[in-house]
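The structure file model_21.txt is reproduced below (compact mmCIF, C-alpha atoms).
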```txt
# COMPACT_ATOMS: atom_id res chain seq x y z
CA MET A 191 135.69 100.55 100.20
CA GLN A 192 135.00 101.04 96.54
CA ARG A 193 133.19 104.21 95.59
CA ILE A 194 130.21 103.74 93.32
CA ALA A 195 129.26 106.41 90.81
CA HIS A 196 125.75 106.66 89.47
CA SER A 197 126.50 107.64 85.92
CA GLY A 198 124.35 110.32 84.40
CA HIS A 199 122.76 111.43 87.64
CA LYS A 200 123.75 114.20 89.99
CA PRO A 201 122.77 114.20 93.65
CA ARG A 202 119.42 115.95 94.00
CA ALA A 203 119.54 116.59 97.71
CA CYS A 204 122.15 116.77 100.44
CA LEU A 205 121.37 116.05 104.03
CA GLY A 206 122.01 119.02 106.24
CA ASN A 207 121.51 121.62 103.47
CA PRO A 208 118.62 123.92 104.58
CA LYS A 209 117.76 124.75 100.96
CA ASN A 210 116.87 121.16 100.19
CA THR A 211 113.60 120.85 102.05
CA MET A 212 111.36 117.82 102.09
CA GLU A 213 108.95 119.59 99.78
CA ALA A 214 111.69 120.20 97.23
CA TRP A 215 112.80 116.58 97.49
CA LEU A 216 109.26 115.33 96.90
CA ASN A 217 108.89 117.61 93.88
CA VAL A 218 112.07 116.18 92.44
CA GLN A 219 110.78 112.63 92.90
CA LEU A 220 107.81 113.46 90.68
CA GLN A 221 110.24 113.47 87.75
CA TRP A 222 109.65 109.77 87.20
CA ARG A 223 111.84 109.60 84.10
CA PHE A 224 114.93 110.51 86.11
CA GLU A 225 114.17 109.82 89.77
CA PRO A 226 113.26 106.50 91.44
CA GLY A 227 110.82 107.82 94.05
CA LEU A 228 107.57 107.08 92.23
CA TRP A 229 108.91 103.74 91.02
CA VAL A 230 109.73 102.64 94.56
CA LEU A 231 106.36 103.84 95.81
CA ALA A 232 104.56 101.98 93.01
CA SER A 233 106.48 98.81 93.82
CA LEU A 234 105.63 98.99 97.53
CA LEU A 235 101.95 99.69 96.86
CA LEU A 236 101.72 96.92 94.26
CA TYR A 237 103.20 94.39 96.69
CA ALA A 238 100.98 95.45 99.60
CA SER A 239 97.80 95.50 97.49
CA GLY A 240 98.64 92.14 95.92
CA ALA A 241 99.17 90.62 99.37
CA GLN A 242 95.66 91.76 100.34
CA VAL A 243 93.95 90.75 97.09
CA ILE A 244 95.30 87.20 97.21
CA ARG A 245 93.51 86.69 100.56
CA LEU A 246 90.07 87.39 99.11
CA GLY A 247 87.80 84.35 99.03
CA ARG A 248 87.01 84.62 95.32
CA VAL A 249 90.69 84.94 94.42
CA VAL A 250 91.53 81.92 96.55
CA SER A 251 88.87 79.93 94.69
CA VAL A 252 90.35 80.96 91.34
CA LEU A 253 93.84 79.97 92.49
CA ALA A 254 92.58 76.59 93.65
CA TRP A 255 90.82 76.10 90.30
CA LEU A 256 94.05 76.90 88.43
CA ALA A 257 96.02 74.56 90.70
CA ASP A 258 93.61 71.69 89.99
CA ARG A 259 94.29 72.13 86.28
CA GLY A 260 98.06 72.30 86.71
CA VAL A 261 98.52 75.81 85.31
CA LEU A 262 98.97 77.77 88.53
CA GLY A 263 102.73 77.19 88.64
CA PRO A 264 103.60 78.79 85.27
CA ILE A 265 101.17 81.67 85.85
CA TRP A 266 102.58 82.27 89.31
CA TRP A 267 106.15 82.42 88.00
CA VAL A 268 105.23 84.88 85.24
CA VAL A 269 103.44 87.20 87.67
CA ARG A 270 106.17 86.93 90.31
CA LEU A 271 109.06 87.61 87.92
CA ALA A 272 107.10 90.40 86.25
CA TYR A 273 106.92 92.10 89.65
CA LEU A 274 110.43 91.35 90.88
CA ALA A 275 112.28 92.07 87.65
CA GLY A 276 109.75 94.02 85.60
CA ILE A 277 109.68 97.19 87.69
CA PRO A 278 113.50 97.48 87.90
CA TYR A 279 113.73 96.79 84.15
CA LEU A 280 111.23 99.54 83.30
CA ALA A 281 112.99 101.92 85.69
CA LEU A 282 116.28 101.18 83.94
CA LEU A 283 114.71 101.86 80.54
CA ALA A 284 113.28 105.15 81.80
CA GLY A 285 116.60 106.23 83.30
CA ALA A 286 115.28 106.23 86.88
CA ALA A 287 117.69 103.47 87.89
CA SER A 288 121.40 103.13 87.26
CA PRO A 289 122.79 99.84 85.91
CA ARG A 290 126.14 100.70 87.43
CA GLY A 291 124.59 101.60 90.76
CA MET A 292 122.72 98.29 90.76
CA GLY A 293 125.98 96.45 90.06
CA LEU A 294 124.84 95.20 86.66
CA SER A 295 127.44 96.97 84.54
CA GLY A 296 131.04 98.00 84.95
CA PRO A 297 131.99 95.62 87.78
CA ASP A 298 135.63 95.32 88.81
CA TRP A 299 136.26 91.67 87.94
CA VAL A 300 139.78 91.70 89.33
CA ARG A 301 138.45 92.80 92.71
CA THR A 302 135.55 90.38 92.34
CA LEU A 303 137.82 87.39 91.76
CA GLY A 304 140.45 88.40 94.29
CA LEU A 305 138.24 89.57 97.15
CA GLY A 306 134.58 89.16 96.31
CA MET A 307 134.51 85.45 95.52
CA PRO A 308 136.45 84.38 98.66
CA LEU A 309 134.13 86.50 100.81
CA ALA A 310 131.07 85.11 99.03
CA GLY A 311 132.35 81.56 99.48
CA LEU A 312 132.92 82.14 103.19
CA ALA A 313 129.47 83.69 103.57
CA TRP A 314 127.91 80.72 101.72
CA LEU A 315 129.63 78.24 104.02
CA LEU A 316 128.54 80.10 107.16
CA ILE A 317 124.96 80.29 105.88
CA LEU A 318 124.87 76.54 105.32
CA ILE A 319 126.33 75.80 108.75
CA GLY A 320 123.83 78.17 110.37
CA TRP A 321 120.95 76.59 108.45
CA ARG A 322 122.08 73.14 109.54
CA GLN A 323 122.18 74.22 113.18
CA ALA A 324 118.75 75.88 112.95
CA ARG A 325 117.20 72.87 111.21
CA PRO A 326 118.38 69.71 113.00
CA LEU A 327 117.56 66.38 111.42
CA ALA A 328 114.36 64.86 112.73
CA SER A 329 115.44 61.31 112.03
CA GLU A 330 118.05 59.29 110.21
CA GLN A 331 115.56 58.56 107.45
CA GLU A 332 115.29 62.28 106.64
CA ALA A 333 119.04 62.81 106.49
CA PRO A 334 119.47 62.52 102.69
CA ASP A 335 116.71 65.06 102.01
CA ASN A 336 117.45 67.61 104.70
CA GLU A 337 121.24 67.66 104.87
CA PRO A 338 122.18 71.17 103.67
CA LEU A 339 125.82 70.33 103.03
CA ALA A 340 124.94 67.54 100.59
CA SER A 341 126.04 67.78 96.98
CA ALA A 342 123.71 70.00 94.95
CA TYR A 343 124.00 67.78 91.87
CA ARG A 344 121.44 65.40 93.41
CA LEU A 345 118.75 68.07 93.21
CA PRO A 346 116.26 68.00 90.31
CA VAL A 347 116.97 70.24 87.34
CA ALA A 348 113.66 72.02 87.99
CA TYR A 349 114.89 73.08 91.43
CA TRP A 350 118.13 74.42 89.93
CA LEU A 351 116.10 76.51 87.50
CA SER A 352 113.69 77.66 90.21
CA ALA A 353 116.56 78.65 92.50
CA ALA A 354 118.27 80.61 89.70
CA LEU A 355 115.04 82.44 88.78
CA GLU A 356 114.15 83.16 92.40
CA ALA A 357 117.63 84.44 93.22
CA GLY A 358 117.82 86.54 90.05
CA GLY A 359 114.41 88.12 90.57
CA GLN A 360 115.03 88.86 94.24
CA GLN A 361 118.48 90.31 93.62
CA LEU A 362 117.20 92.61 90.85
CA HIS A 363 114.43 93.79 93.15
CA TRP A 364 116.80 94.37 96.05
CA ALA A 365 119.40 96.10 93.86
CA PHE A 366 116.71 98.45 92.54
CA TYR A 367 115.67 99.50 96.05
CA ARG A 368 119.28 99.81 97.17
CA ASP A 369 120.24 101.96 94.20
CA ALA A 370 117.27 104.25 94.83
CA VAL A 371 118.01 104.83 98.51
CA ILE A 372 121.74 105.27 97.85
CA ARG A 373 120.81 108.25 95.68
CA TRP A 374 119.06 109.81 98.64
CA LEU A 375 121.33 108.91 101.56
CA GLY A 376 124.71 108.02 100.09
CA ILE A 377 126.30 104.65 99.51
CA TYR A 378 126.78 103.34 103.07
CA TRP A 379 123.59 104.47 104.81
CA GLY A 380 121.60 104.10 101.62
CA ALA A 381 122.64 100.47 101.18
CA TRP A 382 121.52 99.53 104.69
CA ALA A 383 118.38 101.67 104.47
CA GLY A 384 117.55 99.60 101.39
CA VAL A 385 117.38 96.52 103.63
CA LEU A 386 114.98 98.39 105.92
CA LEU A 387 112.86 99.24 102.89
CA LEU A 388 112.70 95.56 102.01
CA SER A 389 111.70 94.73 105.57
CA LEU A 390 108.92 97.31 105.34
CA GLU A 391 107.68 95.70 102.14
CA TRP A 392 107.68 92.19 103.61
CA SER A 393 105.95 93.36 106.79
CA SER A 394 103.04 94.70 104.69
CA ASN A 395 102.13 91.10 103.83
CA PRO A 396 99.83 89.45 106.42
CA ALA A 397 101.21 86.07 105.40
CA THR A 398 104.62 87.09 106.77
CA TRP A 399 103.21 87.54 110.27
CA TYR A 400 101.13 84.38 109.99
CA VAL A 401 104.17 82.29 109.05
CA LEU A 402 106.31 83.78 111.82
CA ARG A 403 103.64 82.89 114.40
CA HIS A 404 102.43 79.51 113.16
CA ASP A 405 105.00 77.86 110.88
CA PRO A 406 108.54 77.66 112.35
CA ASP A 407 109.85 75.71 109.37
CA GLN A 408 108.70 78.30 106.85
CA ALA A 409 109.78 81.09 109.21
CA ARG A 410 113.35 79.85 108.81
CA SER A 411 113.00 80.37 105.06
CA LEU A 412 111.85 83.95 105.63
CA LEU A 413 114.76 84.57 107.97
CA LEU A 414 117.09 83.09 105.35
CA ARG A 415 115.76 85.62 102.85
CA LEU A 416 116.45 88.45 105.30
CA LEU A 417 119.92 87.07 106.02
CA LEU A 418 120.69 86.93 102.29
CA ALA A 419 119.54 90.54 101.91
CA ILE A 420 121.93 91.58 104.69
CA VAL A 421 124.85 89.49 103.45
CA THR A 422 124.55 90.57 99.81
CA THR A 423 124.27 94.20 100.91
CA ALA A 424 127.52 93.87 102.87
CA LEU A 425 129.08 92.17 99.85
CA TYR A 426 127.88 95.00 97.60
CA LEU A 427 129.64 97.56 99.79
CA VAL A 428 132.89 95.69 99.27
CA VAL A 429 132.41 94.52 95.68
CA PRO A 430 129.44 96.13 93.87
CA ASN A 431 128.84 93.22 91.49
CA TRP A 432 125.24 92.06 91.04
CA TRP A 433 126.35 88.85 89.34
CA LEU A 434 128.33 87.80 92.39
CA SER A 435 125.36 88.42 94.68
CA TRP A 436 123.11 86.45 92.33
CA GLY A 437 125.48 83.49 92.44
CA LEU A 438 125.72 83.58 96.24
CA HIS A 439 121.93 83.78 96.57
CA ALA A 440 121.30 80.92 94.13
CA PHE A 441 123.87 78.60 95.69
CA ALA A 442 122.56 79.42 99.17
CA LEU A 443 119.11 78.26 98.07
CA LEU A 444 120.59 75.13 96.51
CA GLY A 445 122.70 74.37 99.55
CA THR A 446 119.92 74.85 102.09
CA ARG A 447 117.18 73.41 99.86
CA ALA A 448 114.86 76.09 101.18
CA PRO A 449 111.34 76.10 99.69
CA VAL A 450 111.40 77.93 96.37
CA GLY A 451 108.66 78.88 93.95
CA LEU A 452 104.98 78.13 94.18
CA THR A 453 105.32 75.68 97.07
CA ALA A 454 106.84 78.38 99.26
CA ALA A 455 104.25 80.95 98.20
CA TRP A 456 101.37 78.53 98.78
CA ARG A 457 102.59 77.80 102.28
CA ASP A 458 103.08 81.52 102.94
CA SER A 459 99.37 82.21 102.63
CA PRO A 460 97.08 81.59 105.62
CA THR A 461 94.06 81.38 103.31
CA LEU A 462 95.40 78.60 101.09
CA THR A 463 94.99 75.65 103.33
CA SER A 464 96.02 72.86 100.96
CA GLU A 465 99.44 72.64 99.40
CA PRO A 466 99.65 71.53 95.75
CA GLN A 467 101.62 68.39 95.11
```
How does the structure come out when it is put into structure tokens?
Amino acid sequence: MQRIAHSGHKPRACLGNPKNTMEAWLNVQLQWRFEPGLWVLASLLLYASGAQVIRLGRVVSVLAWLADRGVLGPIWWVVRLAYLAGIPYLALLAGAASPRGMGLSGPDWVRTLGLGMPLAGLAWLLILIGWRQARPLASEQEAPDNEPLASAYRLPVAYWLSAALEAGGQQLHWAFYRDAVIRWLGIYWGAWAGVLLLSLEWSSNPATWYVLRHDPDQARSLLLRLLLAIVTTALYLVVPNWWLSWGLHAFALLGTRAPVGLTAAWRDSPTLTSEPQ
């Protein structure tokens, strides 16, 4: 397993060392220019508060008004990408996140091409087969639209762009959390604890629980997102290359044709009862 060095940062705490108490660790995290603690907390709180605000009746009315005028889509993408990629970007500028630890810089391309890409290709194929088994065709008429193993070139260019943006934003967000927790717990346990942190974030959204209870089709998309978080974390432990994870994520969305963008978000919300066309 490749060892990942977080350049420019020394470990602030070691598990099992009695001198490094929780109070000392918390004090260290207040150094927001060098430590990711406050950045992660701000990200979690922003997501949870946003999930609550969007359910307010007045906000729903504003969203419906924007949708009627055809401007909700661009606004939604700007806000979503500002959250997913903006916080990691600012943390990188401040020095609270490591580009190497996130897999953005210094990847081993020989290892990526020789080991990472075959593993990513195998993971992609298994994801598509699993998606096909979990989403059987309802009828022969639906086969061309729902077949996950169909050629991606038939998809609209807008879906290609949406899939690339969605995958890139999600992977930056996930890499930021993973890098932060690796600093605290070490590479192996930190990487998997990063997935738990993502699960905690998603569970703070009431729409997640609504979809899991009432919308099996959309629930499969949520489970696909969790599966991609797990698979790309495992891939990171073998080949810490963010670009490879981005490619796997994007092609998984293209191959499964899972809902991406505003349509998926609109269906996620129990308060938005009509889906924009």
One-decimal distance in Å that lies between CA of Ile317 in chain A and CA of Thr446 in chain A: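 Between CA of Thr446 in chain A and CA of Ile317 in chain A the gap works out to 8.3 Å.
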Separation of CA of His439 in chain A and CA of Ala310 in chain A, in Å?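 Straight-line distance from CA of His439 in chain A to CA of Ala310 in chain A works out to 9.6 Å.
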Compute the distance from (121.6, 104.8, 92.5) to each atom, counting all atoms listed in the file, keep the residues with any atom at most 6 Å away, and return them as a list in words; use the coordinates of the file.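 With a cut-off of 6 Å, the residues come to His196, Ser288, Gly291, Asp369, Ala370, Ile372 and Arg373 of chain A.
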Between CA of Leu280 in chain A and CA of Ala381 in chain A, what distance in Å does the model show, to one decimal?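 Between CA of Leu280 in chain A and CA of Ala381 in chain A the gap is 21.2 Å.
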Pick out the residues sitting within 7 Å of Gly384 in chain A, and hand them over as a list in words; count all atoms listed in the file, and ignore anything fewer than 3 positions along from it in its own chain. Tyr367, Arg368, Val371, Gly380, Ala381, Leu387 and Leu388 of chain A
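Distances to Thr422 in chain A were evaluated for A:Ser389, A:Ser435, A:Gln323, A:Ser352 using all atoms listed in the file, and the minimum falls at A:Ser435.
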Return the single residue from A:Leu312, A:Leu305, A:Ala442, A:Leu228 that is closest to Ser411 in chain A, with distances computed using only C-alpha atoms.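 For Ser411 in chain A, the nearest of the candidates is A:Ala442.
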Polymer residues at most 9 Å from Thr398 in chain A, all atoms listed in the file, same-chain spacing of 3 or more positions, as a ChimeraX atom specification: /A:392-395,401-403,409,412,458-459
Keeping all heavy atoms, write range 234-246 of chain A of the structure just shown out as a JSON list (two decimals), in the first residue's frame.
```json
[["chain", "number", "residue", "atom", "x", "y", "z"],
["A", 234, "LEU", "N", -20.17, 20.76, 7.41],
["A", 234, "LEU", "CA", -21.27, 19.95, 7.93],
["A", 234, "LEU", "C", -22.45, 20.82, 8.34],
["A", 234, "LEU", "O", -23.61, 20.50, 8.03],
["A", 234, "LEU", "CB", -20.79, 19.12, 9.12],
["A", 234, "LEU", "CG", -19.80, 18.00, 8.81],
["A", 234, "LEU", "CD1", -19.25, 17.40, 10.10],
["A", 234, "LEU", "CD2", -20.44, 16.91, 7.96],
["A", 235, "LEU", "N", -22.17, 21.91, 9.03],
["A", 235, "LEU", "CA", -23.25, 22.80, 9.49],
["A", 235, "LEU", "C", -23.93, 23.48, 8.31],
["A", 235, "LEU", "O", -25.16, 23.66, 8.31],
["A", 235, "LEU", "CB", -22.69, 23.84, 10.46],
["A", 235, "LEU", "CG", -22.22, 23.31, 11.81],
["A", 235, "LEU", "CD1", -21.63, 24.45, 12.65],
["A", 235, "LEU", "CD2", -23.35, 22.63, 12.56],
["A", 236, "LEU", "N", -23.16, 23.87, 7.30],
["A", 236, "LEU", "CA", -23.74, 24.52, 6.13],
["A", 236, "LEU", "C", -24.67, 23.57, 5.39],
["A", 236, "LEU", "O", -25.76, 23.96, 4.96],
["A", 236, "LEU", "CB", -22.63, 25.01, 5.21],
["A", 236, "LEU", "CG", -23.05, 25.87, 4.02],
["A", 236, "LEU", "CD1", -23.75, 27.14, 4.50],
["A", 236, "LEU", "CD2", -21.83, 26.22, 3.17],
["A", 237, "TYR", "N", -24.27, 22.31, 5.27],
["A", 237, "TYR", "CA", -25.11, 21.32, 4.58],
["A", 237, "TYR", "C", -26.40, 21.08, 5.37],
["A", 237, "TYR", "O", -27.50, 21.08, 4.81],
["A", 237, "TYR", "CB", -24.34, 20.01, 4.42],
["A", 237, "TYR", "CG", -25.13, 18.93, 3.72],
["A", 237, "TYR", "CD1", -25.11, 18.82, 2.34],
["A", 237, "TYR", "CD2", -25.90, 18.02, 4.44],
["A", 237, "TYR", "CE1", -25.84, 17.84, 1.69],
["A", 237, "TYR", "CE2", -26.64, 17.04, 3.80],
["A", 237, "TYR", "CZ", -26.60, 16.95, 2.43],
["A", 237, "TYR", "OH", -27.32, 15.98, 1.80],
["A", 238, "ALA", "N", -26.26, 20.86, 6.68],
["A", 238, "ALA", "CA", -27.43, 20.56, 7.51],
["A", 238, "ALA", "C", -28.40, 21.74, 7.54],
["A", 238, "ALA", "O", -29.62, 21.56, 7.43],
["A", 238, "ALA", "CB", -26.99, 20.19, 8.92],
["A", 239, "SER", "N", -27.87, 22.96, 7.68],
["A", 239, "SER", "CA", -28.75, 24.13, 7.72],
["A", 239, "SER", "C", -29.41, 24.36, 6.37],
["A", 239, "SER", "O", -30.59, 24.71, 6.27],
["A", 239, "SER", "CB", -27.97, 25.36, 8.15],
["A", 239, "SER", "OG", -26.90, 25.63, 7.26],
["A", 240, "GLY", "N", -28.67, 24.15, 5.28],
["A", 240, "GLY", "CA", -29.25, 24.30, 3.95],
["A", 240, "GLY", "C", -30.36, 23.30, 3.70],
["A", 240, "GLY", "O", -31.38, 23.63, 3.07],
["A", 241, "ALA", "N", -30.18, 22.07, 4.19],
["A", 241, "ALA", "CA", -31.21, 21.05, 4.02],
["A", 241, "ALA", "C", -32.50, 21.42, 4.76],
["A", 241, "ALA", "O", -33.60, 21.06, 4.32],
["A", 241, "ALA", "CB", -30.70, 19.70, 4.52],
["A", 242, "GLN", "N", -32.37, 22.15, 5.86],
["A", 242, "GLN", "CA", -33.55, 22.59, 6.61],
["A", 242, "GLN", "C", -34.19, 23.82, 5.97],
["A", 242, "GLN", "O", -35.42, 23.91, 5.88],
["A", 242, "GLN", "CB", -33.16, 22.88, 8.06],
["A", 242, "GLN", "CG", -32.68, 21.69, 8.85],
["A", 242, "GLN", "CD", -33.75, 20.63, 9.02],
["A", 242, "GLN", "OE1", -34.95, 20.93, 9.08],
["A", 242, "GLN", "NE2", -33.33, 19.37, 9.10],
["A", 243, "VAL", "N", -33.36, 24.75, 5.52],
["A", 243, "VAL", "CA", -33.88, 25.99, 4.94],
["A", 243, "VAL", "C", -34.67, 25.71, 3.67],
["A", 243, "VAL", "O", -35.73, 26.32, 3.43],
["A", 243, "VAL", "CB", -32.73, 26.97, 4.65],
["A", 243, "VAL", "CG1", -33.20, 28.13, 3.79],
["A", 243, "VAL", "CG2", -32.15, 27.49, 5.96],
["A", 244, "ILE", "N", -34.21, 24.77, 2.86],
["A", 244, "ILE", "CA", -34.86, 24.51, 1.58],
["A", 244, "ILE", "C", -36.26, 23.92, 1.76],
["A", 244, "ILE", "O", -37.06, 23.90, 0.83],
["A", 244, "ILE", "CB", -33.99, 23.57, 0.72],
["A", 244, "ILE", "CG1", -34.37, 23.70, -0.75],
["A", 244, "ILE", "CG2", -34.12, 22.13, 1.17],
["A", 244, "ILE", "CD1", -33.46, 22.93, -1.68],
["A", 245, "ARG", "N", -36.59, 23.45, 2.97],
["A", 245, "ARG", "CA", -37.91, 22.88, 3.24],
["A", 245, "ARG", "C", -38.91, 23.93, 3.69],
["A", 245, "ARG", "O", -40.10, 23.63, 3.84],
["A", 245, "ARG", "CB", -37.78, 21.79, 4.30],
["A", 245, "ARG", "CG", -36.85, 20.65, 3.89],
["A", 245, "ARG", "CD", -36.63, 19.65, 5.01],
["A", 245, "ARG", "NE", -37.84, 18.87, 5.27],
["A", 245, "ARG", "CZ", -38.47, 18.82, 6.44],
["A", 245, "ARG", "NH1", -38.01, 19.52, 7.46],
["A", 245, "ARG", "NH2", -39.55, 18.07, 6.58],
["A", 246, "LEU", "N", -38.46, 25.16, 3.94],
["A", 246, "LEU", "CA", -39.37, 26.21, 4.37],
["A", 246, "LEU", "C", -40.32, 26.60, 3.25],
["A", 246, "LEU", "O", -39.93, 26.67, 2.08],
["A", 246, "LEU", "CB", -38.57, 27.44, 4.83],
["A", 246, "LEU", "CG", -37.62, 27.23, 6.02],
["A", 246, "LEU", "CD1", -36.85, 28.50, 6.31],
["A", 246, "LEU", "CD2", -38.39, 26.77, 7.25]]
```
